[in-house]
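Next comes target-v2.txt, a file with compact mmCIF, C-alpha atoms.
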# COMPACT_ATOMS: atom_id res chain seq x y z
CA ASP A 1 0.00 0.00 0.00
CA ILE A 2 1.09 3.57 -0.62
CA VAL A 3 1.82 5.32 2.67
CA MET A 4 1.01 9.02 2.85
CA THR A 5 3.01 10.95 5.45
CA GLN A 6 1.96 14.46 6.42
CA THR A 7 4.00 17.08 8.24
CA PRO A 8 3.40 18.77 10.55
CA LEU A 9 0.62 16.93 12.38
CA SER A 10 -0.32 20.13 14.18
CA SER A 11 -0.03 23.68 12.93
CA PRO A 12 -0.89 26.59 15.21
CA VAL A 13 -1.10 29.69 13.06
CA THR A 14 -1.82 33.36 13.55
CA LEU A 15 -4.82 34.79 11.73
CA GLY A 16 -3.73 36.40 8.49
CA GLN A 17 -0.45 34.50 8.37
CA PRO A 18 0.42 31.75 5.89
CA ALA A 19 0.36 28.04 6.61
CA SER A 20 1.90 25.13 4.77
CA ILE A 21 1.34 21.39 5.00
CA SER A 22 3.52 18.79 3.33
CA CYS A 23 2.60 15.32 2.21
CA ARG A 24 4.99 12.66 1.00
CA SER A 25 3.94 9.39 -0.61
CA SER A 26 5.96 6.19 -0.32
CA GLN A 27 5.94 5.79 -4.11
CA SER A 28 5.21 7.87 -7.15
CA LEU A 29 1.58 8.86 -7.60
CA VAL A 30 1.82 9.21 -11.37
CA HIS A 31 -0.85 6.95 -12.86
CA ARG A 32 -0.22 4.97 -16.04
CA ASP A 33 -2.58 7.42 -17.78
CA GLY A 34 -0.12 10.23 -16.97
CA ASN A 35 -2.30 11.92 -14.34
CA THR A 36 -1.50 12.21 -10.65
CA TYR A 37 -4.58 11.50 -8.57
CA PHE A 38 -3.60 13.40 -5.46
CA SER A 39 -6.06 15.49 -3.47
CA TRP A 40 -6.32 17.67 -0.40
CA LEU A 41 -9.40 17.53 1.81
CA GLN A 42 -10.47 19.75 4.71
CA GLN A 43 -12.55 18.49 7.61
CA ARG A 44 -14.04 21.08 9.91
CA PRO A 45 -15.09 19.92 13.38
CA GLY A 46 -18.32 17.95 13.26
CA HIS A 47 -18.50 17.93 9.46
CA PRO A 48 -17.69 15.49 6.69
CA PRO A 49 -14.58 16.12 4.61
CA ARG A 50 -14.62 18.68 1.84
CA LEU A 51 -12.56 18.57 -1.36
CA LEU A 52 -10.16 21.50 -1.69
CA ILE A 53 -7.64 20.48 -4.35
CA TYR A 54 -7.58 17.64 -6.89
CA LYS A 55 -4.87 16.39 -9.24
CA ILE A 56 -2.18 18.17 -7.19
CA SER A 57 -3.06 21.77 -7.95
CA ASN A 58 -6.63 22.13 -9.23
CA ARG A 59 -8.74 24.14 -6.84
CA PHE A 60 -12.27 22.76 -6.69
CA SER A 61 -15.20 25.05 -7.46
CA GLY A 62 -15.99 27.44 -4.62
CA VAL A 63 -12.69 26.93 -2.80
CA PRO A 64 -11.11 30.29 -1.87
CA ASP A 65 -8.01 31.20 -3.86
CA ARG A 66 -5.96 31.48 -0.67
CA PHE A 67 -5.67 27.68 -0.93
CA SER A 68 -3.13 26.35 -3.41
CA GLY A 69 -1.56 22.98 -4.09
CA SER A 70 1.75 22.09 -5.66
CA GLY A 71 4.17 19.23 -6.06
CA ALA A 72 4.94 16.24 -8.22
CA GLY A 73 5.78 12.56 -8.00
CA THR A 74 6.02 11.88 -4.27
CA ASP A 75 6.15 15.33 -2.66
CA PHE A 76 3.22 17.66 -2.36
CA THR A 77 2.32 20.85 -0.51
CA LEU A 78 -0.86 22.64 0.47
CA GLN A 79 -0.46 26.33 1.16
CA ILE A 80 -2.91 28.72 2.75
CA SER A 81 -1.76 32.23 1.92
CA ARG A 82 -3.57 33.98 4.78
CA VAL A 83 -5.30 31.83 7.36
CA GLU A 84 -8.82 32.78 8.32
CA ALA A 85 -10.84 31.60 11.31
CA GLU A 86 -12.98 29.34 9.10
CA ASP A 87 -9.87 27.41 8.04
CA VAL A 88 -9.61 25.70 11.42
CA GLY A 89 -9.88 21.95 11.04
CA VAL A 90 -7.98 18.87 9.97
CA TYR A 91 -6.43 18.65 6.52
CA TYR A 92 -5.87 15.32 4.79
CA CYS A 93 -3.90 14.45 1.72
CA MET A 94 -4.97 11.40 -0.19
CA GLN A 95 -4.08 9.39 -3.26
CA SER A 96 -6.40 7.60 -5.65
CA THR A 97 -3.75 6.50 -8.10
CA GLN A 98 -3.22 2.96 -6.81
CA PHE A 99 -5.48 0.70 -4.75
CA PRO A 100 -6.09 0.86 -1.93
CA TRP A 101 -6.74 4.58 -1.86
CA THR A 102 -4.89 5.95 1.16
CA PHE A 103 -4.99 9.07 3.30
CA GLY A 104 -2.40 10.94 5.30
CA GLN A 105 -2.74 11.01 9.08
CA GLY A 106 -4.22 14.50 9.01
CA THR A 107 -2.83 17.90 10.02
CA LYS A 108 -4.73 19.90 12.60
CA VAL A 109 -4.75 23.62 11.84
CA GLU A 110 -5.67 25.80 14.77
CA ILE A 111 -5.46 29.48 15.59
CA LYS A 112 -2.76 30.60 18.03
CA GLU B 113 -28.74 20.62 -4.78
CA VAL B 114 -26.61 17.52 -4.42
CA GLN B 115 -27.33 15.37 -1.39
CA LEU B 116 -26.01 12.10 -0.10
CA VAL B 117 -27.89 10.74 2.89
CA GLU B 118 -26.59 7.72 4.75
CA SER B 119 -28.79 5.61 6.99
CA GLY B 120 -28.86 2.26 8.72
CA GLY B 121 -26.11 2.69 11.28
CA GLY B 122 -26.48 1.45 14.82
CA LEU B 123 -25.21 -0.84 17.54
CA VAL B 124 -24.34 -4.41 16.59
CA LYS B 125 -22.57 -7.21 18.43
CA PRO B 126 -19.22 -8.57 17.26
CA GLY B 127 -19.80 -11.16 14.59
CA GLY B 128 -23.07 -9.56 13.57
CA SER B 129 -24.18 -7.96 10.32
CA LEU B 130 -25.52 -4.58 9.32
CA ARG B 131 -26.42 -2.88 6.05
CA VAL B 132 -26.02 0.85 5.61
CA SER B 133 -27.49 2.81 2.74
CA CYS B 134 -26.68 6.03 0.95
CA THR B 135 -29.39 7.75 -1.06
CA ALA B 136 -28.27 10.26 -3.65
CA SER B 137 -30.02 13.19 -5.30
CA GLY B 138 -29.09 16.18 -7.40
CA PHE B 139 -26.67 14.46 -9.76
CA THR B 140 -26.66 11.56 -12.20
CA PHE B 141 -26.03 8.78 -9.69
CA SER B 142 -26.02 6.03 -12.30
CA LYS B 143 -22.92 7.48 -13.96
CA ALA B 144 -20.99 8.05 -10.74
CA TRP B 145 -18.38 5.77 -9.28
CA MET B 146 -18.94 5.69 -5.54
CA SER B 147 -16.77 4.98 -2.53
CA TRP B 148 -17.22 4.34 1.17
CA VAL B 149 -14.84 6.01 3.61
CA ARG B 150 -14.91 5.46 7.36
CA GLN B 151 -13.62 7.36 10.35
CA ALA B 152 -13.16 5.73 13.73
CA PRO B 153 -13.96 8.01 16.69
CA GLY B 154 -11.30 10.69 16.99
CA LYS B 155 -9.24 9.14 14.19
CA GLY B 156 -8.41 9.82 10.56
CA LEU B 157 -10.03 8.77 7.31
CA GLU B 158 -9.86 5.24 5.93
CA TRP B 159 -11.05 4.18 2.49
CA VAL B 160 -13.29 1.11 2.62
CA GLY B 161 -14.38 0.24 -0.90
CA ARG B 162 -15.52 1.43 -4.32
CA ILE B 163 -18.05 0.49 -6.93
CA LYS B 164 -17.95 1.56 -10.55
CA SER B 165 -21.01 2.55 -12.54
CA LYS B 166 -22.92 -0.30 -14.16
CA SER B 167 -21.99 1.04 -17.59
CA ASP B 168 -18.35 0.64 -16.58
CA GLY B 169 -18.92 -2.89 -15.32
CA GLY B 170 -20.15 -2.24 -11.79
CA THR B 171 -17.02 -3.85 -10.39
CA THR B 172 -15.94 -3.42 -6.80
CA ASP B 173 -12.68 -3.02 -4.90
CA TYR B 174 -12.10 -3.18 -1.18
CA ALA B 175 -9.52 -2.33 1.42
CA ALA B 176 -7.76 -5.33 2.91
CA PRO B 177 -9.30 -5.02 6.42
CA VAL B 178 -12.83 -5.45 5.04
CA LYS B 179 -12.29 -7.64 1.99
CA GLY B 180 -14.36 -10.80 2.21
CA ARG B 181 -16.59 -9.30 4.92
CA PHE B 182 -18.06 -6.16 3.34
CA ILE B 183 -19.94 -5.90 0.06
CA THR B 184 -20.94 -2.70 -1.66
CA SER B 185 -23.73 -2.63 -4.24
CA ARG B 186 -25.96 -0.13 -5.95
CA ASP B 187 -29.54 0.20 -7.13
CA ASP B 188 -29.56 2.92 -9.73
CA SER B 189 -33.37 2.80 -9.97
CA LYS B 190 -33.44 4.00 -6.37
CA ASN B 191 -30.30 6.18 -6.57
CA THR B 192 -29.02 4.20 -3.62
CA LEU B 193 -25.67 2.77 -2.63
CA TYR B 194 -25.39 -0.03 -0.09
CA LEU B 195 -22.71 -1.41 2.18
CA GLN B 196 -23.42 -4.86 3.59
CA MET B 197 -21.16 -5.47 6.55
CA ASN B 198 -20.75 -9.03 7.84
CA SER B 199 -18.63 -10.64 10.55
CA LEU B 200 -18.29 -7.24 12.20
CA LYS B 201 -15.40 -6.58 14.54
CA THR B 202 -14.98 -3.98 17.25
CA GLU B 203 -12.40 -2.25 15.06
CA ASP B 204 -15.12 -1.61 12.45
CA THR B 205 -16.67 0.95 14.81
CA ALA B 206 -16.70 4.20 12.85
CA ILE B 207 -18.72 6.81 11.04
CA TYR B 208 -19.30 5.51 7.53
CA TYR B 209 -19.45 8.09 4.75
CA CYS B 210 -20.43 7.58 1.14
CA THR B 211 -18.76 9.82 -1.39
CA THR B 212 -18.21 10.17 -5.09
CA ASP B 213 -15.01 8.65 -6.48
CA ASP B 214 -12.94 9.84 -9.45
CA TYR B 215 -14.43 8.80 -12.77
CA TYR B 216 -14.51 9.62 -16.44
CA ASP B 217 -17.56 9.66 -18.66
CA SER B 218 -18.50 11.17 -21.99
CA SER B 219 -18.30 14.66 -20.52
CA GLY B 220 -14.79 14.14 -19.21
CA TYR B 221 -13.13 13.79 -15.83
CA HIS B 222 -15.08 14.08 -12.58
CA PRO B 223 -12.89 14.54 -9.52
CA GLY B 224 -13.73 12.35 -6.59
CA TRP B 225 -14.41 13.33 -2.99
CA VAL B 226 -16.69 16.19 -4.07
CA TYR B 227 -19.96 15.07 -2.50
CA TRP B 228 -20.18 13.51 0.96
CA GLY B 229 -23.01 12.39 3.15
CA GLN B 230 -23.20 13.37 6.80
CA GLY B 231 -22.17 9.84 7.75
CA THR B 232 -23.81 7.08 9.74
CA LEU B 233 -22.31 5.73 12.97
CA VAL B 234 -21.75 2.01 13.25
CA THR B 235 -20.83 0.78 16.72
CA VAL B 236 -19.67 -2.80 17.17
CA SER B 237 -19.73 -3.74 20.81
CA SER B 238 -20.95 -6.51 23.07

Before we go any further, please render this structure as structure tokens.
Amino acid sequence: DIVMTQTPLSSPVTLGQPASISCRSSQSLVHRDGNTYFSWLQQRPGHPPRLLIYKISNRFSGVPDRFSGSGAGTDFTLQISRVEAEDVGVYYCMQSTQFPWTFGQGTKVEIK
Amino acid sequence: EVQLVESGGGLVKPGGSLRVSCTASGFTFSKAWMSWVRQAPGKGLEWVGRIKSKSDGGTTDYAAPVKGRFITSRDDSKNTLYLQMNSLKTEDTAIYYCTTDDYYDSSGYHPGWVYWGQGTLVTVSS
């Protein structure tokens, strides 16, 4: 199975400041069709997950442009340019390139 | 408005069975590939299984911990996805979410993990 490792696991941030979360996969996430099926999800307390970014860097409809994704192969990053109060929650990376689909452990973003 | 509504969760004894359902509305369910994802209390997300659309064969895939015990199926006439859970173990205790998976159809690529239900809690305990 592909192991997804996120760092940090906890990220206290000041409102208005940037935040960054890294995710590393144990093997390349490039699918044989040439796409990389790597996504970032946000889970606010008491809610189901929400898709933020798909295929590394594509922001899903309605997601604020302060969220951006980057990376390639095995190393990926989610950046929040200016953290807002509504961004508090747990962020998961996940891959759907190779079965079984796997998630990172989650990174808890909280306000300092 | 897109909705996924899970139901059927509850308390079951180890070794028992339970079927949870997920009823969809607001999108073309029959074309969608669907997955189940679970979340144990206070823990992270774990993918459980996937079913393709019938037009793509309706085949299923499962995570190792549930393979041979869980079966996912769909009834497109009812816009409903099912997860039959057998030989339940205490470690199956979790909120079970249904969600859309990645898929391609005639209109192109549809990213997965877009639509989620609110989840249904399954507790396995004696």

Taking all atoms listed in the file into account, report as an mmCIF file with C-alpha atoms, in the frame of the given file which residues of chain B lie within 9 Å of chain A.
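Result file is iface-v4.cif:
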data_model
loop_
_atom_site.group_PDB
_atom_site.id
_atom_site.type_symbol
_atom_site.label_atom_id
_atom_site.label_comp_id
_atom_site.auth_asym_id
_atom_site.auth_seq_id
_atom_site.Cartn_x
_atom_site.Cartn_y
_atom_site.Cartn_z
ATOM 1 C CA LYS B 155 -9.240 9.140 14.190
ATOM 2 C CA GLY B 156 -8.410 9.820 10.560
ATOM 3 C CA LEU B 157 -10.030 8.770 7.310
ATOM 4 C CA GLU B 158 -9.860 5.240 5.930
ATOM 5 C CA TRP B 159 -11.050 4.180 2.490
ATOM 6 C CA VAL B 160 -13.290 1.110 2.620
ATOM 7 C CA GLY B 161 -14.380 0.240 -0.900
ATOM 8 C CA ASP B 173 -12.680 -3.020 -4.900
ATOM 9 C CA TYR B 174 -12.100 -3.180 -1.180
ATOM 10 C CA ALA B 175 -9.520 -2.330 1.420
ATOM 11 C CA ALA B 176 -7.760 -5.330 2.910
ATOM 12 C CA TYR B 209 -19.450 8.090 4.750
ATOM 13 C CA ASP B 213 -15.010 8.650 -6.480
ATOM 14 C CA ASP B 214 -12.940 9.840 -9.450
ATOM 15 C CA PRO B 223 -12.890 14.540 -9.520
ATOM 16 C CA GLY B 224 -13.730 12.350 -6.590
ATOM 17 C CA TRP B 225 -14.410 13.330 -2.990
ATOM 18 C CA VAL B 226 -16.690 16.190 -4.070
ATOM 19 C CA TYR B 227 -19.960 15.070 -2.500
ATOM 20 C CA TRP B 228 -20.180 13.510 0.960
ATOM 21 C CA GLY B 229 -23.010 12.390 3.150
ATOM 22 C CA GLN B 230 -23.200 13.370 6.800
ATOM 23 C CA GLY B 231 -22.170 9.840 7.750
#

Discussion item. I want to know what sits within 9 Å of segment 137-146 of chain B, based on all atoms listed in the file, with residues of the same chain fewer than 4 positions away left out; could you give that as a PyMOL selection string?
Written reply: chain B and resi 113-117+161-168+170+186-189+191-193+210-217+222+224

Worksheet item: How many Å lie between atom CA of Val88 of chain A and atom CA of Ala152 of chain B, rounded to one decimal?
Response: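 Atom-to-atom, atom CA of Val88 of chain A and atom CA of Ala152 of chain B are spaced 20.4 Å apart.
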
Fill in: Non-local contacts of Glu86 of chain A (12 Å; only C-alpha atoms; under 4 positions in same chain excluded) as number ranges by chain
A: 15-16, 42-45, 64, 80, 82, 90, 109-111

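For the pair atom CA of Leu233 of chain B and atom CA of Ser147 of chain B, the interatomic distance is 16.5 Å.
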
Worksheet item: So how many Å separate atom CA of Phe76 of chain A and atom CA of Tyr208 of chain B, to one decimal?
Response: 27.4 Å

Worksheet item: Of the candidates B:Arg150, B:Arg131, B:Val234, B:Ala136, which one gets nearest to Lys201 of chain B if we count all atoms listed in the file?
Response: B:Val234

Discussion item. So, with all atoms listed in the file as the atoms that count, which of B:Thr171, B:Ser238, B:Ser185, B:Thr232 lies closest to Pro126 of chain B?
Written reply: B:Ser238

Worksheet entry | Nearest residue to Leu78 of chain A from the set A:Asp33, A:Pro12, A:Ser22, A:Val63 (distances using all atoms listed in the file) |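 Using all atoms listed in the file, Leu78 of chain A sits closest to A:Ser22.
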
Practice prompt. Can you pull out every residue within 10 Å of segment 26-32 of chain A, counting all atoms listed in the file, but drop anything in the same chain fewer than 3 positions away, and send it as a list in words?
Written response: Asp1, Ile2, Val3, Met4, Thr5, Asn35, Thr36, Tyr37, Phe38, Ala72, Gly73, Thr74, Asp75, Gln95, Ser96, Thr97 and Gln98 of chain A

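Between Ser70 of chain A and the residues A:Ser20, A:Ser57, A:Ser25, A:Thr14, the shortest atom-to-atom distance, using only C-alpha atoms, involves A:Ser57.
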
Would you place a box with edges along x, y and z of the file around all atoms of segment 86-100 of chain A listed there, add 3 Å to each of its six sides, and report the centre and edge lengths in Å to one decimal, as AutoDock Vina command-line options?
--center_x -8.1 --center_y 15.0 --center_z 1.7 --size_x 15.8 --size_y 34.6 --size_z 25.5

Discussion item. For a quick check of understanding, using all atoms listed in the file, which of A:Arg66, A:Lys108, A:Arg24, A:Arg59 has the smallest distance to Leu9 of chain A?
Written reply: A:Lys108
